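Visitor: Got a structure here, written out as structure tokens. Questions coming.
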Amino acid sequence: MPMISNHLPTAELQALDASHHMHPFTCNAELAQKGARVITRAKGVMLTDSDGHEILDAMAGLWCVNIGYGRDEMAEVAARQMRELPYYNTFFQTTHLPAIALAHKIAELAPGALNNVFFAGSGSEANDTNIRMVRHYWAVKGQPSKSILIGRNNGYHGSSVGSGSLGGMAAMHAQGGLPIPDIHHINEPNWWADGGDMSPEEFGLHRAQELEQAILSLGEDRVAAFIAEPVQGAGGVIVAPETYWPEIQRICDTYDILLIADEVICGFGRTGEWFGSQTVGIRPDIMTIAKGLSSGYAPIGGSVVSDEVASVIAKSEFNHGYTYSGHPVAAAVALENLRILEDERIIEHVRDVAAPYLKDKWAALVDHPLVGEAKIVGLMGSIALTPNKATRAVFAADTGTVGYICRERCFANNLVMRHVGDRMIVAPPLVITPEEIDVMIARARTSLDECHAILKERGLI
């Protein structure tokens with residue numbers, strides 16, 4: 001059935017939505033009063049809503065639409081696969097062509113000895129897999145007491161019970177009895193917020209060494225793995241100082257701790273390399289993938305596992321899996337997405353064209369009176385909003401108040417730019433052009449100006 005272009009008026013669509021649709025990470029009662037923005041179609045980096053407004057999507061959906069919207073090839077591949085084999089599972093000693101081909105392709109692209117893939121339907125599911133996999137790995141090796149996984153405060157690894165526990169989001173942990181047992185958290189490498197008088201280099205080492213302290217405190221014989229995003233995405237695009245990751249790798253090697261790189265956001269070109277692990281120079285034992293694997297065109301995720309870990313897991317039955325592990329349609333769509341990324345040299349476009357251009361424009365935002373810091377890696381960036389750049393001060397309002405005001409001005413100016421606390425973040429489709437970056441930056445500046453005026457009016461600066 002073709003897309004419905006002659007739809008109900010926006011107010012009626014919003015009323016229907018409020019009556020029946022429960023939104024994620026939303027106060028649904030507040031949204032019902034305000035009315036959701038209804039997106040009806042998209043092309044390239046632009047969305048169109050039910051009132052005909054064209055919106056530049058500087059968040060690539062949820063960090064995922066790497067190849068941009070409206071690629072007909074993706075629809076054709078999905079339709080062809082649905083006609084040929086719409087579904088079959090990979091349980092009971094069975095497989096199918098799309099799962100075989102996709103696992104092989106991922107192994108080809110992944111660095112080092114990451115040659116094995118356990119498929120899931122999302123990043124949350126894949127990180128749930130990782131919890132069970134690392135614990136089973138150590139049990140098979142005769143060390144069942146190694147069951148603790150260490151994550152980072154303000155890290156994000158999904159919102160299921162397991163993955164939400166791995167992440168360090170306090171608001172999530174306040175609901176539903178999280179975290180589950182044997183999950184521990186250390187502090188994030190956020191120099192802007194927490195660095196005090198330390199240099200970024202000193203602070204990076206200091207925060208990395210919190211992992212070593214945690215291992216020694218909890219017991220080396222108890223810690224199974226450390227999980228982190230190469231660049232913290234949903235936590236506010238927190239870019240660790242250069243000293244951080246080499247020290248993390250040293251600690252994992254020294255204490256025989258598995259390193260899990262959550263590549264759900266960073267993977268498949270976002271940082272200007274195929275994987276963020278390559279950008280920050282680490283050697284993970286497991287990588288979590290999703291989002292950019294299919295550019296959001298179909299739900300799929302997975303754990304990319306080293307030969308060493310996979311060989312141990314292979315020694316006994318791993319009592320774990322999902323109905324949609326390696327779903328043939330999702331796998332076929334992901335394969336086509338990877339073909340497009342390769343054939344159209346989109347990662348090279350990020351590295352050589354889009355990221356350098358955006359970096360210059362993004363760095364220039366620090367001349368705005370509200371902006372204290374501008375951080376960027378590839379095509380993921382953040383700016384820290386502050387009333388005083390010199391002291392890295394916070395606003396005289398609840399954290400996130402100013403960020404929300406700025407986000408609302410962005411939406412009003414037809415720009416999707418997200419806020420995390422009082423940081424504004426972007427992660428546009430990887431196909432964005434310099435001309436489109438100019439539009440994005442112009443709308444961001446307008447929104448910052450309007451936010452600044454509102455803060456003056458309210459006495460917040």
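Within each chain, counting starts at residue 1; across the structure tokens, chains are named A, B, ... in the order shown, with ligands numbered 1 upward in that order.
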Extract, using only C-alpha atoms, all DNA, RNA and protein residues at most 7 Å from region 85-92 of chain A, discarding same-chain residues fewer than 4 positions from it, and format them as an NGL selection string.

Guide: :A and (81 or 323-325 or 327-329)

Visitor: So that I have them on file, write out the residues from the current selection with N, CA and C atoms, as a short mmCIF file (atom, residue, chain, number, x, y, z; two decimals), in the first residue's frame.

Guide:
```cif
data_model
loop_
_atom_site.label_atom_id
_atom_site.label_comp_id
_atom_site.auth_asym_id
_atom_site.auth_seq_id
_atom_site.Cartn_x
_atom_site.Cartn_y
_atom_site.Cartn_z
N GLN A 81 13.11 -9.86 -0.56
CA GLN A 81 13.33 -10.86 0.47
C GLN A 81 12.02 -11.36 1.08
N THR A 323 13.52 -14.64 18.84
CA THR A 323 12.73 -15.05 17.69
C THR A 323 13.25 -14.42 16.40
N TYR A 324 13.66 -13.17 16.51
CA TYR A 324 14.07 -12.43 15.30
C TYR A 324 15.57 -12.33 15.14
N SER A 325 16.35 -13.17 15.83
CA SER A 325 17.81 -13.18 15.61
C SER A 325 18.12 -13.47 14.14
N HIS A 327 16.86 -12.02 11.47
CA HIS A 327 15.64 -12.00 10.64
C HIS A 327 16.02 -11.79 9.18
N PRO A 328 15.53 -12.63 8.27
CA PRO A 328 16.01 -12.56 6.88
C PRO A 328 15.77 -11.23 6.19
N VAL A 329 14.62 -10.59 6.45
CA VAL A 329 14.36 -9.31 5.80
C VAL A 329 15.29 -8.23 6.37
#
```

Visitor: I'd like the contact shell of Glu73 (chain A) - 12 Å cut-off, only C-alpha atoms, skipping same-chain residues fewer than 2 positions apart - returned as an NGL selection string.

Guide: :A and (67 or 69-71 or 75-80 or 297 or 332-340)

Visitor: For the contact check between region 130-185 of chain A and region 248-264 of chain A, emit one row per residue of region 130-185 of chain A within 12 Å, containing the shortest atom pair and the distance in Å rounded to one decimal, counting only C-alpha atoms, chain then rising number order, as a Markdown table.

Guide:
```
| residue | atom | partner | partner_atom | distance |
| --- | --- | --- | --- | --- |
| A:Asn130 | CA | A:Ile260 | CA | 8.2 |
| A:Ile131 | CA | A:Ile260 | CA | 10.1 |
| A:Met133 | CA | A:Leu258 | CA | 10.9 |
| A:Val134 | CA | A:Leu258 | CA | 7.7 |
| A:Arg135 | CA | A:Leu258 | CA | 10.5 |
| A:Tyr137 | CA | A:Leu258 | CA | 10.0 |
| A:Trp138 | CA | A:Leu258 | CA | 9.9 |
| A:Gln143 | CA | A:Asp256 | CA | 11.9 |
| A:Lys146 | CA | A:Ile257 | CA | 9.3 |
| A:Ser147 | CA | A:Ile257 | CA | 10.8 |
| A:Ile148 | CA | A:Ile257 | CA | 10.2 |
| A:Leu149 | CA | A:Leu258 | CA | 9.3 |
| A:Ile150 | CA | A:Leu259 | CA | 9.9 |
| A:Gly151 | CA | A:Ile260 | CA | 9.7 |
| A:Arg152 | CA | A:Asp262 | CA | 11.8 |
| A:Gly155 | CA | A:Asp262 | CA | 9.8 |
| A:Tyr156 | CA | A:Asp262 | CA | 8.9 |
| A:His157 | CA | A:Asp262 | CA | 7.1 |
| A:Gly158 | CA | A:Val264 | CA | 9.5 |
| A:Ser163 | CA | A:Asp262 | CA | 10.9 |
| A:Leu166 | CA | A:Asp262 | CA | 10.8 |
| A:Gly167 | CA | A:Asp262 | CA | 10.5 |
```

Visitor: Measuring between only C-alpha atoms, which one of A:Ala36, A:Leu358, A:Met74, A:Val309 shows the shortest distance to Asp438 (chain A)?

Guide: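 Nearest candidate to Asp438 (chain A) out of A:Ala36, A:Leu358, A:Met74, A:Val309: A:Leu358.
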
Visitor: Neighbouring residues of region 56-62 of chain A were defined as those with any atom within 8 Å, considering only C-alpha atoms; residues of the same chain fewer than 2 positions away were excluded. Please report them as a ChimeraX atom specification.

Guide: /A:45-47,54,64-66,68,291,296,414-418,425-429,440

Visitor: Can you tell me, as a PyMOL selection string, what residues are no more than 12 Å from region 179-184 of chain A when counting only C-alpha atoms, ignoring any on the same chain fewer than 2 positions away?

Guide: chain A and resi 128+131-132+135+145-153+159-177+186-187+210-211+214-215+217-218+222-227

Visitor: Which polymer residues have any atom within 8 Å of an atom of His320 (chain A), counting only C-alpha atoms, with same-chain residues fewer than 2 positions away left out, as a PyMOL selection string?

Guide: chain A and resi 129+318+322

Visitor: Neighbouring residues of region 7-24 of chain A were defined as those with any atom within 7 Å, considering only C-alpha atoms; residues of the same chain fewer than 5 positions away were excluded. Please report them as a PyMOL selection string.

Guide: chain A and resi 32+35-36+50-51

Visitor: Would you save the residues of that selection, restricted to N, CA, C and O atoms, as a PDB file, in the first residue's frame?

Guide:
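Result saved to part34.pdb:
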```
ATOM      1  N   ALA A  32       0.157  14.708  25.388  1.00  0.00           N
ATOM      2  CA  ALA A  32      -1.241  14.722  24.933  1.00  0.00           C
ATOM      3  C   ALA A  32      -1.779  16.145  24.886  1.00  0.00           C
ATOM      4  O   ALA A  32      -2.550  16.512  23.985  1.00  0.00           O
ATOM      5  N   GLY A  35       0.517  17.899  21.923  1.00  0.00           N
ATOM      6  CA  GLY A  35       0.344  17.313  20.593  1.00  0.00           C
ATOM      7  C   GLY A  35       1.666  16.934  19.967  1.00  0.00           C
ATOM      8  O   GLY A  35       2.593  17.752  19.892  1.00  0.00           O
ATOM      9  N   ALA A  36       1.797  15.694  19.548  1.00  0.00           N
ATOM     10  CA  ALA A  36       3.032  15.215  18.930  1.00  0.00           C
ATOM     11  C   ALA A  36       3.202  15.806  17.540  1.00  0.00           C
ATOM     12  O   ALA A  36       2.223  16.096  16.846  1.00  0.00           O
ATOM     13  N   SER A  50       3.152  16.778   9.022  1.00  0.00           N
ATOM     14  CA  SER A  50       1.782  16.753   8.507  1.00  0.00           C
ATOM     15  C   SER A  50       1.274  18.136   8.108  1.00  0.00           C
ATOM     16  O   SER A  50       0.254  18.245   7.431  1.00  0.00           O
ATOM     17  N   ASP A  51       1.986  19.183   8.531  1.00  0.00           N
ATOM     18  CA  ASP A  51       1.615  20.535   8.114  1.00  0.00           C
ATOM     19  C   ASP A  51       2.469  21.030   6.954  1.00  0.00           C
ATOM     20  O   ASP A  51       2.376  22.190   6.551  1.00  0.00           O
TER      21      ASP A  51
END
```

Visitor: Using the chain letters and numbers from this document, which residues of region 19-58 of chain A does DSSP assign to strand (DSSP E), as a list of chain:residue names?

Guide: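 DSSP-assigned strand (DSSP E) residues in region 19-58 of chain A: A:Ile39, A:Thr40, A:Arg41, A:Ala42, A:Lys43, A:Met46, A:Leu47, A:Thr48, A:Asp49, A:Glu54, A:Ile55, A:Leu56, A:Asp57.
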
Visitor: With N, CA and C atoms retained, could you export that selection as an mmCIF file, in the first residue's frame?

Guide:
```cif
data_model
loop_
_atom_site.group_PDB
_atom_site.id
_atom_site.type_symbol
_atom_site.label_atom_id
_atom_site.label_comp_id
_atom_site.auth_asym_id
_atom_site.auth_seq_id
_atom_site.Cartn_x
_atom_site.Cartn_y
_atom_site.Cartn_z
ATOM 1 N N ILE A 39 5.303 13.175 11.638
ATOM 2 C CA ILE A 39 6.190 13.109 10.473
ATOM 3 C C ILE A 39 5.540 12.213 9.419
ATOM 4 N N THR A 40 5.468 12.694 8.205
ATOM 5 C CA THR A 40 4.762 11.948 7.157
ATOM 6 C C THR A 40 5.684 11.379 6.082
ATOM 7 N N ARG A 41 6.830 12.001 5.840
ATOM 8 C CA ARG A 41 7.755 11.466 4.839
ATOM 9 C C ARG A 41 9.137 12.067 5.060
ATOM 10 N N ALA A 42 10.124 11.533 4.345
ATOM 11 C CA ALA A 42 11.497 12.009 4.512
ATOM 12 C C ALA A 42 12.315 11.681 3.275
ATOM 13 N N LYS A 43 13.318 12.517 3.018
ATOM 14 C CA LYS A 43 14.216 12.308 1.884
ATOM 15 C C LYS A 43 15.571 12.926 2.230
ATOM 16 N N MET A 46 16.191 15.504 5.157
ATOM 17 C CA MET A 46 15.021 16.319 5.473
ATOM 18 C C MET A 46 13.789 15.473 5.794
ATOM 19 N N LEU A 47 13.055 15.913 6.830
ATOM 20 C CA LEU A 47 11.765 15.342 7.192
ATOM 21 C C LEU A 47 10.664 16.296 6.760
ATOM 22 N N THR A 48 9.475 15.764 6.536
ATOM 23 C CA THR A 48 8.303 16.603 6.278
ATOM 24 C C THR A 48 7.219 16.215 7.266
ATOM 25 N N ASP A 49 6.618 17.223 7.914
ATOM 26 C CA ASP A 49 5.566 16.902 8.874
ATOM 27 C C ASP A 49 4.194 17.067 8.244
ATOM 28 N N GLU A 54 9.328 21.514 6.301
ATOM 29 C CA GLU A 54 10.517 20.730 6.020
ATOM 30 C C GLU A 54 11.525 20.944 7.146
ATOM 31 N N ILE A 55 11.949 19.845 7.744
ATOM 32 C CA ILE A 55 12.758 19.877 8.962
ATOM 33 C C ILE A 55 14.089 19.189 8.684
ATOM 34 N N LEU A 56 15.186 19.874 9.014
ATOM 35 C CA LEU A 56 16.492 19.246 8.853
ATOM 36 C C LEU A 56 16.743 18.346 10.065
ATOM 37 N N ASP A 57 16.917 17.056 9.804
ATOM 38 C CA ASP A 57 17.084 16.083 10.875
ATOM 39 C C ASP A 57 18.562 15.943 11.225
#
```
